[in-house]
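Asker: What follows is the file protein.cif, containing mmCIF, C-alpha atoms:
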data_entry
loop_
_atom_site.label_atom_id
_atom_site.label_comp_id
_atom_site.auth_asym_id
_atom_site.auth_seq_id
_atom_site.Cartn_x
_atom_site.Cartn_y
_atom_site.Cartn_z
CA MET A 1 23.66 -37.40 4.50
CA LYS A 2 24.30 -33.72 4.98
CA ARG A 3 22.50 -33.03 1.73
CA LEU A 4 19.63 -35.19 2.92
CA LEU A 5 19.45 -33.21 6.13
CA LEU A 6 19.50 -29.99 4.18
CA LEU A 7 16.73 -31.13 1.84
CA GLY A 8 14.67 -32.29 4.80
CA PHE A 9 15.07 -28.85 6.30
CA LEU A 10 14.11 -27.17 3.05
CA ALA A 11 10.99 -29.30 2.67
CA SER A 12 9.90 -28.73 6.25
CA ALA A 13 10.25 -24.99 5.89
CA GLY A 14 8.01 -24.89 2.83
CA CYS A 15 4.81 -24.08 4.70
CA GLN A 16 6.31 -20.82 5.93
CA GLY A 17 7.48 -19.72 2.53
CA LEU A 18 10.88 -21.23 2.13
CA GLN A 19 11.70 -18.89 -0.69
CA ASN A 20 11.99 -16.15 1.89
CA LEU A 21 14.53 -17.76 4.12
CA ASP A 22 18.21 -17.07 3.79
CA VAL A 23 19.51 -20.45 4.77
CA SER A 24 23.10 -19.39 4.40
CA SER A 25 23.01 -17.85 7.84
CA MET A 26 21.75 -21.03 9.43
CA THR A 27 24.34 -23.55 8.41
CA GLY A 28 26.56 -23.20 11.42
CA GLY A 29 29.45 -25.63 11.39
CA ARG A 30 27.41 -28.72 10.79
CA ILE A 31 26.97 -28.52 7.06
CA ASN A 32 29.66 -28.62 4.45
CA SER A 33 30.42 -25.06 3.51
CA ASN A 34 31.10 -26.14 -0.06
CA VAL A 35 27.39 -26.72 -0.58
CA ASP A 36 25.94 -23.62 -2.27
CA LEU A 37 22.91 -23.21 -0.04
CA THR A 38 21.66 -20.17 -1.88
CA LYS A 39 21.44 -22.12 -5.12
CA VAL A 40 19.77 -25.05 -3.40
CA ALA A 41 17.19 -22.73 -1.90
CA LYS A 42 16.59 -20.96 -5.19
CA GLY A 43 16.17 -24.35 -6.87
CA VAL A 44 13.07 -25.13 -4.85
CA ASN A 45 11.66 -21.64 -5.13
CA GLN A 46 8.51 -20.80 -7.02
CA VAL A 47 8.18 -17.97 -9.49
CA ARG A 48 5.89 -15.26 -8.05
CA LYS A 49 2.31 -15.78 -9.11
CA GLY A 50 -0.64 -13.66 -8.09
CA PHE A 51 -1.44 -10.08 -7.09
CA SER A 52 -0.41 -10.74 -3.50
CA GLU A 53 3.15 -11.15 -4.71
CA ILE A 54 3.30 -7.77 -6.41
CA SER A 55 6.01 -5.94 -4.50
CA GLU A 56 5.59 -2.61 -2.70
CA SER A 57 7.70 -0.85 -5.32
CA GLU A 58 5.84 -2.49 -8.23
CA GLU A 59 2.52 -1.44 -6.70
CA TYR A 60 3.85 2.12 -6.58
CA TYR A 61 4.84 2.11 -10.27
CA ILE A 62 1.49 0.59 -11.29
CA GLY A 63 -0.25 3.31 -9.23
CA ARG A 64 1.80 6.04 -10.89
CA ALA A 65 0.87 4.83 -14.36
CA VAL A 66 -2.81 4.48 -13.44
CA SER A 67 -2.67 8.04 -12.06
CA ALA A 68 -0.95 9.26 -15.22
CA GLN A 69 -3.94 7.97 -17.20
CA VAL A 70 -6.50 9.44 -14.76
CA LEU A 71 -4.76 12.81 -15.10
CA THR A 72 -5.22 12.84 -18.86
CA ARG A 73 -8.93 12.01 -18.55
CA TYR A 74 -9.45 14.59 -15.78
CA LYS A 75 -7.68 17.92 -15.46
CA PRO A 76 -6.02 18.53 -12.08
CA LEU A 77 -7.49 21.49 -10.18
CA ASN A 78 -4.81 24.06 -9.51
CA ASP A 79 -5.88 25.19 -6.04
CA PRO A 80 -2.89 24.80 -3.69
CA GLY A 81 -4.90 25.55 -0.54
CA LEU A 82 -7.63 23.01 -1.31
CA ASN A 83 -5.17 20.34 -2.44
CA ALA A 84 -3.06 20.81 0.71
CA TYR A 85 -6.16 20.64 2.92
CA ALA A 86 -7.41 17.42 1.25
CA GLN A 87 -3.88 16.01 1.57
CA LYS A 88 -3.87 16.66 5.35
CA VAL A 89 -7.27 15.06 5.90
CA ALA A 90 -6.24 12.03 3.83
CA GLN A 91 -2.98 11.68 5.77
CA ALA A 92 -4.89 11.95 9.05
CA VAL A 93 -7.12 8.98 8.20
CA ALA A 94 -4.30 7.04 6.53
CA LEU A 95 -2.24 7.35 9.70
CA ALA A 96 -5.10 5.72 11.61
CA SER A 97 -5.48 2.93 9.04
CA ASP A 98 -3.94 -0.51 9.02
CA ARG A 99 -1.56 0.68 6.28
CA PRO A 100 -0.21 4.07 7.36
CA SER A 101 2.81 3.89 5.03
CA THR A 102 2.84 2.94 1.37
CA PHE A 103 6.04 2.77 -0.68
CA LYS A 104 6.15 6.56 -1.15
CA GLY A 105 3.20 7.69 0.95
CA TYR A 106 -0.33 8.90 0.23
CA HIS A 107 -0.96 11.75 -2.20
CA VAL A 108 -4.20 13.55 -3.04
CA GLN A 109 -5.20 15.55 -6.11
CA VAL A 110 -8.47 17.43 -6.57
CA LEU A 111 -9.79 17.11 -10.13
CA ALA A 112 -11.42 19.98 -12.02
CA SER A 113 -14.57 18.05 -12.85
CA ASP A 114 -18.23 18.57 -11.93
CA GLU A 115 -18.73 14.82 -11.93
CA ILE A 116 -19.33 13.41 -8.44
CA ASN A 117 -16.47 10.96 -8.09
CA ALA A 118 -13.36 9.82 -6.24
CA PHE A 119 -10.73 7.21 -7.14
CA ALA A 120 -7.85 5.46 -5.48
CA ALA A 121 -4.95 4.10 -7.49
CA PRO A 122 -2.63 1.45 -6.02
CA GLY A 123 0.29 2.64 -3.94
CA GLY A 124 -1.40 5.66 -2.35
CA PHE A 125 -2.75 7.95 -5.10
CA ILE A 126 -6.16 9.47 -4.31
CA PHE A 127 -8.33 11.63 -6.57
CA VAL A 128 -11.45 13.52 -5.62
CA THR A 129 -13.47 15.68 -8.02
CA LYS A 130 -14.59 19.24 -7.46
CA GLY A 131 -18.18 17.97 -7.95
CA MET A 132 -17.73 15.57 -5.06
CA LEU A 133 -16.33 18.31 -2.81
CA GLU A 134 -19.31 20.52 -3.61
CA LEU A 135 -21.52 17.85 -2.07
CA VAL A 136 -19.41 17.46 1.09
CA ARG A 137 -20.53 19.64 4.01
CA SER A 138 -17.85 19.13 6.68
CA GLU A 139 -14.32 17.93 7.36
CA ASP A 140 -15.73 14.80 8.99
CA GLU A 141 -17.65 13.96 5.81
CA LEU A 142 -14.54 14.61 3.72
CA ALA A 143 -12.58 12.34 6.08
CA GLY A 144 -15.19 9.61 5.47
CA VAL A 145 -14.91 9.99 1.69
CA LEU A 146 -11.10 9.95 1.73
CA ALA A 147 -10.97 7.11 4.27
CA HIS A 148 -13.06 5.02 1.83
CA GLU A 149 -10.34 5.62 -0.80
CA VAL A 150 -7.55 4.85 1.70
CA ALA A 151 -9.32 1.55 2.41
CA HIS A 152 -9.30 0.65 -1.31
CA ILE A 153 -5.52 1.17 -1.23
CA ALA A 154 -4.90 -0.54 2.11
CA LYS A 155 -6.90 -3.59 1.00
CA LYS A 156 -5.18 -3.59 -2.43
CA HIS A 157 -8.47 -3.64 -4.33
CA GLY A 158 -6.83 -2.14 -7.44
CA LEU A 159 -4.15 -4.81 -7.61
CA LYS A 160 -6.76 -7.54 -7.26
CA THR A 161 -8.29 -6.47 -10.58
CA ILE A 162 -5.15 -7.32 -12.55
CA GLN A 163 -5.48 -10.48 -14.60
CA THR A 164 -3.25 -13.18 -13.20
CA SER A 165 -2.04 -14.07 -16.70
CA ARG A 166 -0.40 -10.65 -17.02
CA LEU A 167 1.47 -11.10 -13.77
CA THR A 168 2.50 -14.62 -14.67
CA SER A 169 3.83 -13.26 -17.93
CA ALA A 170 5.81 -10.49 -16.22
CA PHE A 171 7.14 -12.74 -13.50
CA THR A 172 8.18 -15.31 -16.06
CA ILE A 173 10.10 -12.67 -18.01
CA LEU A 174 11.83 -11.72 -14.80
CA GLY A 175 12.56 -15.36 -14.22
CA SER A 176 14.11 -15.95 -17.59
CA GLU A 177 17.45 -15.05 -16.13
CA ALA A 178 18.87 -13.33 -13.10
CA ALA A 179 18.76 -9.75 -14.27
CA LYS A 180 20.69 -6.85 -12.83
CA ASN A 181 19.84 -4.78 -15.88
CA TYR A 182 17.16 -5.70 -18.34
CA THR A 183 17.93 -6.20 -22.00
CA PRO A 184 15.90 -4.06 -24.45
CA GLN A 185 13.83 -7.14 -25.29
CA GLN A 186 13.08 -7.80 -21.62
CA VAL A 187 12.09 -4.17 -21.11
CA SER A 188 9.76 -4.37 -24.09
CA GLN A 189 8.13 -7.55 -22.80
CA LEU A 190 7.83 -6.17 -19.28
CA THR A 191 6.35 -2.95 -20.65
CA SER A 192 3.61 -4.92 -22.43
CA ALA A 193 2.76 -6.80 -19.23
CA PHE A 194 2.87 -3.53 -17.26
CA GLU A 195 0.62 -1.81 -19.79
CA GLY A 196 -1.95 -4.62 -19.51
CA ALA A 197 -1.87 -4.49 -15.72
CA VAL A 198 -2.34 -0.71 -15.70
CA ASP A 199 -5.24 -0.93 -18.18
CA ASP A 200 -6.93 -3.57 -16.03
CA VAL A 201 -6.86 -1.22 -13.04
CA VAL A 202 -7.95 1.86 -15.01
CA ASN A 203 -10.88 -0.01 -16.56
CA LYS A 204 -12.06 -1.16 -13.17
CA LEU A 205 -11.47 2.18 -11.50
CA VAL A 206 -12.90 4.56 -14.06
CA VAL A 207 -15.11 2.52 -16.36
CA ASN A 208 -16.64 -0.50 -14.65
CA GLY A 209 -16.13 0.05 -10.93
CA TYR A 210 -15.20 -2.43 -8.24
CA SER A 211 -17.53 -5.22 -7.19
CA ARG A 212 -20.17 -4.38 -4.59
CA ASP A 213 -18.30 -6.45 -2.02
CA LYS A 214 -15.17 -4.33 -2.44
CA GLU A 215 -17.15 -1.10 -2.15
CA TYR A 216 -18.87 -2.28 1.02
CA GLU A 217 -15.51 -3.39 2.38
CA ALA A 218 -14.03 0.04 1.62
CA ASP A 219 -17.00 1.67 3.40
CA LYS A 220 -16.58 -0.58 6.42
CA PHE A 221 -12.84 -0.06 6.79
CA GLY A 222 -13.09 3.61 5.82
CA ALA A 223 -15.54 4.16 8.69
CA GLN A 224 -13.13 2.36 11.02
CA TYR A 225 -10.20 4.54 9.92
CA ALA A 226 -12.27 7.73 10.30
CA LYS A 227 -13.31 6.64 13.77
CA ALA A 228 -9.73 5.76 14.73
CA ALA A 229 -8.68 9.23 13.54
CA ASN A 230 -11.30 10.69 15.93
CA TYR A 231 -13.56 11.89 13.16
CA ASP A 232 -17.29 11.09 13.34
CA PRO A 233 -17.68 7.88 11.28
CA GLY A 234 -21.42 8.60 11.01
CA ALA A 235 -20.56 11.59 8.80
CA LEU A 236 -20.06 9.19 5.89
CA LYS A 237 -23.70 8.10 6.23
CA ALA A 238 -24.86 11.72 6.26
CA PHE A 239 -22.88 12.25 3.08
CA LEU A 240 -24.35 9.13 1.48
CA GLU A 241 -27.86 10.40 2.22
CA ARG A 242 -27.02 13.61 0.39
CA MET A 243 -25.55 11.58 -2.47
CA GLU A 244 -28.77 9.65 -2.71
CA LYS A 245 -30.66 12.87 -3.31
CA ALA A 246 -28.07 14.00 -5.86
CA GLU A 247 -28.40 10.65 -7.63
CA GLY A 248 -32.03 11.53 -8.31
CA SER A 249 -30.91 14.52 -10.32
CA GLY A 250 -29.05 12.14 -12.63
CA GLY A 251 -25.40 11.53 -13.19
CA GLY A 252 -22.63 9.18 -14.09
CA GLY A 253 -19.39 9.25 -12.13
CA MET A 254 -19.65 7.46 -8.84
CA PHE A 255 -23.30 6.56 -9.43
CA LYS A 256 -22.23 4.49 -12.41
CA THR A 257 -19.43 2.65 -10.63
CA HIS A 258 -20.70 2.25 -7.04
CA PRO A 259 -23.66 0.53 -5.40
CA SER A 260 -26.54 2.90 -4.63
CA PRO A 261 -25.95 5.22 -1.67
CA ALA A 262 -29.03 3.74 0.06
CA LYS A 263 -27.57 0.23 -0.09
CA ARG A 264 -24.20 1.48 1.14
CA GLU A 265 -25.89 3.19 4.09
CA ALA A 266 -27.76 0.01 4.94
CA GLU A 267 -24.54 -2.04 4.78
CA LEU A 268 -22.74 0.39 7.06
CA GLY A 269 -25.25 -0.05 9.87
CA SER A 270 -25.02 2.13 12.95
CA LEU A 271 -21.78 3.96 13.57
CA SER A 272 -20.70 5.59 16.79
CA PRO A 273 -17.70 7.88 17.28
CA SER A 274 -14.65 6.90 19.33
CA SER A 275 -14.29 7.96 22.96
CA GLY A 276 -11.74 10.52 21.75
CA TYR A 277 -14.22 12.23 19.42
CA LYS A 278 -14.70 15.96 20.03
CA ARG A 279 -16.74 18.51 18.15
CA SER A 280 -14.53 21.31 16.91
CA SER A 281 -15.28 24.75 15.56
CA GLU A 282 -11.78 24.80 14.08
CA ARG A 283 -12.61 21.88 11.79
CA GLY A 284 -15.66 23.80 10.58
CA ARG A 285 -13.64 26.97 10.10
CA ARG A 286 -10.85 25.42 8.10
CA PHE A 287 -13.25 23.34 5.99
CA SER A 288 -15.15 26.50 4.98
CA ALA A 289 -11.90 28.33 4.28
CA ALA A 290 -10.46 25.56 2.09
CA VAL A 291 -13.54 24.23 0.31
CA GLN A 292 -14.84 27.32 -1.48
CA LEU A 293 -16.08 25.99 -4.78
CA MET B 294 16.80 -43.70 13.90
CA LYS B 295 19.70 -41.34 13.31
CA ARG B 296 17.89 -39.99 10.24
CA THR B 297 14.72 -39.40 12.28
CA ILE B 298 16.66 -37.42 14.89
CA LEU B 299 18.31 -35.35 12.21
CA LEU B 300 14.99 -34.66 10.53
CA GLY B 301 13.49 -33.65 13.87
CA ALA B 302 16.39 -31.29 14.45
CA ALA B 303 15.90 -29.84 10.98
CA LEU B 304 12.20 -29.27 11.67
CA ALA B 305 13.01 -27.48 14.92
CA LEU B 306 15.61 -25.36 13.12
CA SER B 307 13.12 -24.41 10.41
CA ALA B 308 10.48 -23.42 12.96
CA ALA B 309 12.98 -21.15 14.68
CA ALA B 310 13.91 -19.60 11.35
CA ALA B 311 10.28 -18.97 10.51
CA TYR B 312 9.97 -16.82 13.63
CA ALA B 313 13.26 -15.00 13.16
CA SER B 314 13.05 -11.56 14.71
CA THR B 315 14.83 -9.50 12.06
CA ILE B 316 12.54 -7.10 10.19
CA THR B 317 13.38 -5.28 6.94
CA VAL B 318 11.83 -1.97 5.84
CA LEU B 319 9.95 -2.23 2.51
CA VAL B 320 8.91 1.42 2.02
CA GLN B 321 11.07 4.40 1.09
CA GLU B 322 10.79 5.77 4.60
CA THR B 323 8.56 5.40 7.59
CA ALA B 324 8.52 6.75 11.12
CA LEU B 325 10.04 5.06 14.13
CA ARG B 326 7.66 6.07 16.92
CA LYS B 327 8.20 6.57 20.63
CA ARG B 328 5.11 4.50 21.45
CA ALA B 329 3.08 1.85 19.66
CA GLN B 330 0.60 4.46 18.42
CA SER B 331 0.19 6.15 15.06
CA TYR B 332 -0.05 9.59 16.66
CA SER B 333 2.99 9.13 18.85
CA PRO B 334 5.84 11.45 17.89
CA SER B 335 8.63 9.89 15.88
CA SER B 336 12.00 9.05 17.34
CA GLY B 337 13.61 8.66 13.93
CA VAL B 338 13.12 7.52 10.37
CA ALA B 339 13.50 3.99 9.02
CA ARG B 340 14.47 3.69 5.37
CA LEU B 341 14.10 1.11 2.62
CA GLY B 342 16.25 -1.95 3.22
CA GLN B 343 17.16 -1.04 6.78
CA THR B 344 16.93 -3.96 9.18
CA PHE B 345 15.99 -3.98 12.85
CA GLU B 346 15.66 -6.62 15.51
CA SER B 347 12.01 -6.92 16.51
CA LEU B 348 11.60 -7.26 20.25
CA GLY B 349 7.92 -8.15 19.87
CA VAL B 350 4.69 -6.77 18.40
CA GLU B 351 2.40 -4.34 20.22
CA ALA B 352 -0.83 -3.01 18.70
CA GLY B 353 0.41 -3.59 15.16
CA PHE B 354 3.87 -2.11 15.76
CA HIS B 355 7.20 -3.92 16.02
CA LYS B 356 9.15 -2.80 19.04
CA THR B 357 12.81 -2.18 18.21
CA SER B 358 15.65 -0.60 20.15
CA SER B 359 15.25 2.51 17.93
CA GLY B 360 11.48 2.87 18.32
CA TYR B 361 8.19 1.35 17.20
CA ILE B 362 7.67 0.65 13.52
CA HIS B 363 4.33 -0.21 11.91
CA SER B 364 4.13 -3.84 10.82
CA SER B 365 2.69 -2.93 7.40
CA ALA B 366 5.94 -1.17 6.44
CA VAL B 367 8.25 -4.11 7.04
CA THR B 368 8.70 -7.76 6.26
CA THR B 369 9.64 -10.33 8.83
CA ARG B 370 10.87 -12.60 6.07
CA LYS B 371 14.55 -12.45 5.40
CA ALA B 372 15.37 -11.15 1.94
CA ASN B 373 18.25 -12.82 0.21
CA LEU B 374 20.17 -10.50 -2.06
CA SER B 375 23.49 -12.26 -1.64
CA GLY B 376 25.38 -14.04 -4.36
CA GLY B 377 25.86 -11.06 -6.63
CA ASP B 378 23.52 -12.45 -9.28
CA GLY B 379 20.84 -9.80 -9.02
CA VAL B 380 17.22 -10.71 -8.67
CA GLY B 381 15.80 -13.38 -10.91
CA GLY B 382 12.50 -15.17 -11.24
CA SER B 383 12.90 -16.94 -7.94
CA ALA B 384 13.07 -13.65 -6.09
CA THR B 385 10.32 -12.87 -3.64
CA ALA B 386 8.26 -9.67 -3.82
CA ASP B 387 10.29 -8.31 -0.90
CA GLU B 388 13.56 -8.94 -2.73
CA VAL B 389 12.18 -7.28 -5.86
CA THR B 390 11.38 -4.13 -3.87
CA LEU B 391 14.75 -4.08 -2.16
CA ALA B 392 16.59 -4.58 -5.44
CA GLY B 393 14.43 -2.04 -7.32
CA LYS B 394 13.57 -4.65 -9.95
CA GLY B 395 10.31 -5.83 -11.54
CA PHE B 396 8.03 -2.99 -12.67
CA ASN B 397 10.42 -0.12 -12.02
CA ALA B 398 11.47 3.31 -13.33
CA GLN B 399 13.03 1.72 -16.40
CA VAL B 400 9.73 0.00 -17.29
CA GLU B 401 7.77 3.20 -16.55
CA LYS B 402 10.03 5.17 -18.88
CA SER B 403 9.44 2.67 -21.66
CA TYR B 404 5.68 2.69 -20.94
CA GLY B 405 5.62 6.50 -20.99
CA ALA B 406 7.44 6.62 -24.33
CA LYS B 407 5.02 4.08 -25.80
CA ASN B 408 1.87 5.84 -24.58
CA GLY B 409 2.89 9.46 -25.15
CA SER B 410 -0.02 11.86 -24.74
CA ALA B 411 -2.25 9.20 -23.13
CA VAL B 412 -0.34 9.57 -19.88
CA ASN B 413 0.57 12.61 -17.80
CA PHE B 414 3.46 11.74 -15.53
CA ALA B 415 4.31 15.42 -15.02
CA ALA B 416 0.99 15.86 -13.18
CA VAL B 417 1.71 12.75 -11.11
CA ASN B 418 5.13 14.13 -10.17
CA SER B 419 3.60 17.40 -9.06
CA MET B 420 0.99 15.49 -7.03
CA GLU B 421 3.79 13.53 -5.34
CA ARG B 422 5.63 16.71 -4.43
CA ARG B 423 2.71 17.66 -2.17
CA VAL B 424 3.90 16.40 1.17
CA VAL B 425 2.76 17.31 4.67
CA SER B 426 5.44 16.99 7.32
CA GLU B 427 4.74 15.14 10.53
CA ALA B 428 4.98 18.36 12.55
CA GLU B 429 2.49 20.07 10.25
CA LEU B 430 0.12 17.09 10.32
CA PHE B 431 0.22 16.77 14.10
CA GLU B 432 -0.49 20.49 14.45
CA PHE B 433 -3.45 20.05 12.06
CA LEU B 434 -4.75 17.17 14.20
CA ARG B 435 -4.22 19.05 17.46
CA ALA B 436 -5.93 22.20 16.22
CA GLY B 437 -8.88 20.19 14.92
CA GLY B 438 -9.37 18.33 18.21
CA LEU B 439 -8.36 15.05 16.58
CA MET B 440 -5.34 14.20 18.68
CA GLY B 441 -6.66 11.67 21.18
CA GLU B 442 -5.40 11.10 24.68
CA GLY B 443 -1.83 9.90 24.69
CA GLY B 444 -1.29 11.47 21.28
CA SER B 445 1.73 13.48 20.27
CA LYS B 446 3.38 14.54 23.51
#
Written as structure tokens, that's how I'd like the structure from this file.
Answerer:
Amino acid sequence: MKRLLLLGFLASAGCQGLQNLDVSSMTGGRINSNVDLTKVAKGVNQVRKGFSEISESEEYYIGRAVSAQVLTRYKPLNDPGLNAYAQKVAQAVALASDRPSTFKGYHVQVLASDEINAFAAPGGFIFVTKGMLELVRSEDELAGVLAHEVAHIAKKHGLKTIQTSRLTSAFTILGSEAAKNYTPQQVSQLTSAFEGAVDDVVNKLVVNGYSRDKEYEADKFGAQYAKAANYDPGALKAFLERMEKAEGSGGGGMFKTHPSPAKREAELGSLSPSSGYKRSSERGRRFSAAVQL
Amino acid sequence: MKRTILLGAALALSAAAAYASTITVLVQETALRKRAQSYSPSSGVARLGQTFESLGVEAGFHKTSSGYIHSSAVTTRKANLSGGDGVGGSATADEVTLAGKGFNAQVEKSYGAKNGSAVNFAAVNSMERRVVSEAELFEFLRAGGLMGEGGSK
């Protein structure tokens, strides 16, 4: 009977994600303590499946590997002042986002490339090219560009590009036995799954680009984050207008992987600043001091 | 009849468990803030695996006795790492993070060795070393007129 009660409880909890409940703390004195509740709970668990079940730490390691590939394709720009400035602006908008903390925080690197481009790798890694910065005219515009990248991370767009089969494979390897330390064979199998996942993200990020829907979503949330950080969200539209003109002079980079700037502007609609928005000569001063390209 | 009562009791118990108020930190570290605002000064730091009792949610922050913590940095689900058997296939994503399993440093090392010159982890490490402290960031916001009313005071 007690087992029946327990199973009834386990079944009823399923809709809330039973696998996440530690039933051992809920037994009280009513259930036979000899019943191994942990094992019963694990018995009805499901192996993790899709991207939404990639853990915070796994997202971080995928992001690191994606970044490690980006940083072989593009040389990092060694300009400590500019990198620190871009880092501060990114942190300002990330703090105002719906995901202010990632597993190990947000990090920005300026790339020594004339291509007009910016990328966001899962877990909080943001890249912006020198060519992109040359097109930006103010800190508010830069905040708009970086907020767009923060939105890709906050909404986990990179992780959503990973083929489910790779994750199923990795999660199954993990499920083959309870592992405190992986055997060399398990590490090798996990590495293959990891490699596939990283390549999926890199291909989407650098080669093919996200779907239009994801880009518009990143614009929409990016504008919200910029506004919440008391930057002018309309600055992103001003930047897109300038990008549109630059597109006419040709180019790959962002033009190859993003919808046209005109369409992005149209999708954004009208944007008004927050009540806390203030014009600031200091923002203009520090932007000019840092962005001297 | 008795079975129906017991099942009803079990359902009630499960509903209570689903809304358990313990939260567990899922990021390396995140700020505990004095108010439920991103620009509020911190009252401390919450670290990976630390648990707090949530006294409710305000504007996306859990209120705890130590300060406000952003809901995106924690899980309200209870992670089960007991039993001494490590984390297997039935582990949740939260448990994988807390146990440092899944795609981890060991897998990255193997991936790095396999891919050699196609990856530049040294550059990633140097990118990660670039950190702006909260004091520095808040000063940047204040100087740039970005700290709204009720900001860092």
Asker: Please return, as a ChimeraX atom specification, all polymer residues that have at least one atom within 9 Å of the point (1.2, -9.8, -18.2); use only C-alpha atoms and the file's own coordinate frame.
Answerer: /A:162-171,189-197
Asker: Choose the residue, out of A:Asn78, A:Asp199, A:Ala238, A:Glu134, that has the smallest atom-to-atom separation from Tyr404 (chain B); count only C-alpha atoms.
Answerer: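 Closest residue, counting only C-alpha atoms: A:Asp199.
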Asker: For a test of reading the model, state the distance in Å between CA of Tyr61 (chain A) and CA of Phe431 (chain B), rounded to one decimal.
Answerer: 28.8 Å
Asker: Go ahead and find all residues with at least one atom no further than 9 Å from (-8.4, 2.4, 2.9) in the file's coordinates, using all atoms listed in the file; report them as a PyMOL selection string.
Answerer: chain A and resi 93-94+97-99+120+146-156+218-219+221-222+225
Asker: Once you have the residues from the selection above, write them out as a short mmCIF file (atom, residue, chain, number, x, y, z; two decimals), in the frame of the given file, restricted to C-alpha atoms.
Answerer:
data_model
loop_
_atom_site.label_atom_id
_atom_site.label_comp_id
_atom_site.auth_asym_id
_atom_site.auth_seq_id
_atom_site.Cartn_x
_atom_site.Cartn_y
_atom_site.Cartn_z
CA VAL A 93 -7.12 8.98 8.20
CA ALA A 94 -4.30 7.04 6.53
CA SER A 97 -5.48 2.93 9.04
CA ASP A 98 -3.94 -0.51 9.02
CA ARG A 99 -1.56 0.68 6.28
CA ALA A 120 -7.85 5.46 -5.48
CA LEU A 146 -11.10 9.95 1.73
CA ALA A 147 -10.97 7.11 4.27
CA HIS A 148 -13.06 5.02 1.83
CA GLU A 149 -10.34 5.62 -0.80
CA VAL A 150 -7.55 4.85 1.70
CA ALA A 151 -9.32 1.55 2.41
CA HIS A 152 -9.30 0.65 -1.31
CA ILE A 153 -5.52 1.17 -1.23
CA ALA A 154 -4.90 -0.54 2.11
CA LYS A 155 -6.90 -3.59 1.00
CA LYS A 156 -5.18 -3.59 -2.43
CA ALA A 218 -14.03 0.04 1.62
CA ASP A 219 -17.00 1.67 3.40
CA PHE A 221 -12.84 -0.06 6.79
CA GLY A 222 -13.09 3.61 5.82
CA TYR A 225 -10.20 4.54 9.92
#
Asker: Could you work out how far CA of Leu205 (chain A) lies from CA of Thr129 (chain A), giving the answer in Å with one decimal?
Answerer: 14.1 Å
Asker: Suppose a student applies the PyMOL selection byres ((chain B and resi 395) around 10) to this structure; what residues should they get, written as a VMD selection string?
Answerer: (chain A and resid 54 to 55 57 to 58 61 170 to 171 173 to 174 179 182 187 190 194) or (chain B and resid 380 to 382 384 386 388 to 390 392 to 394 396 to 400)
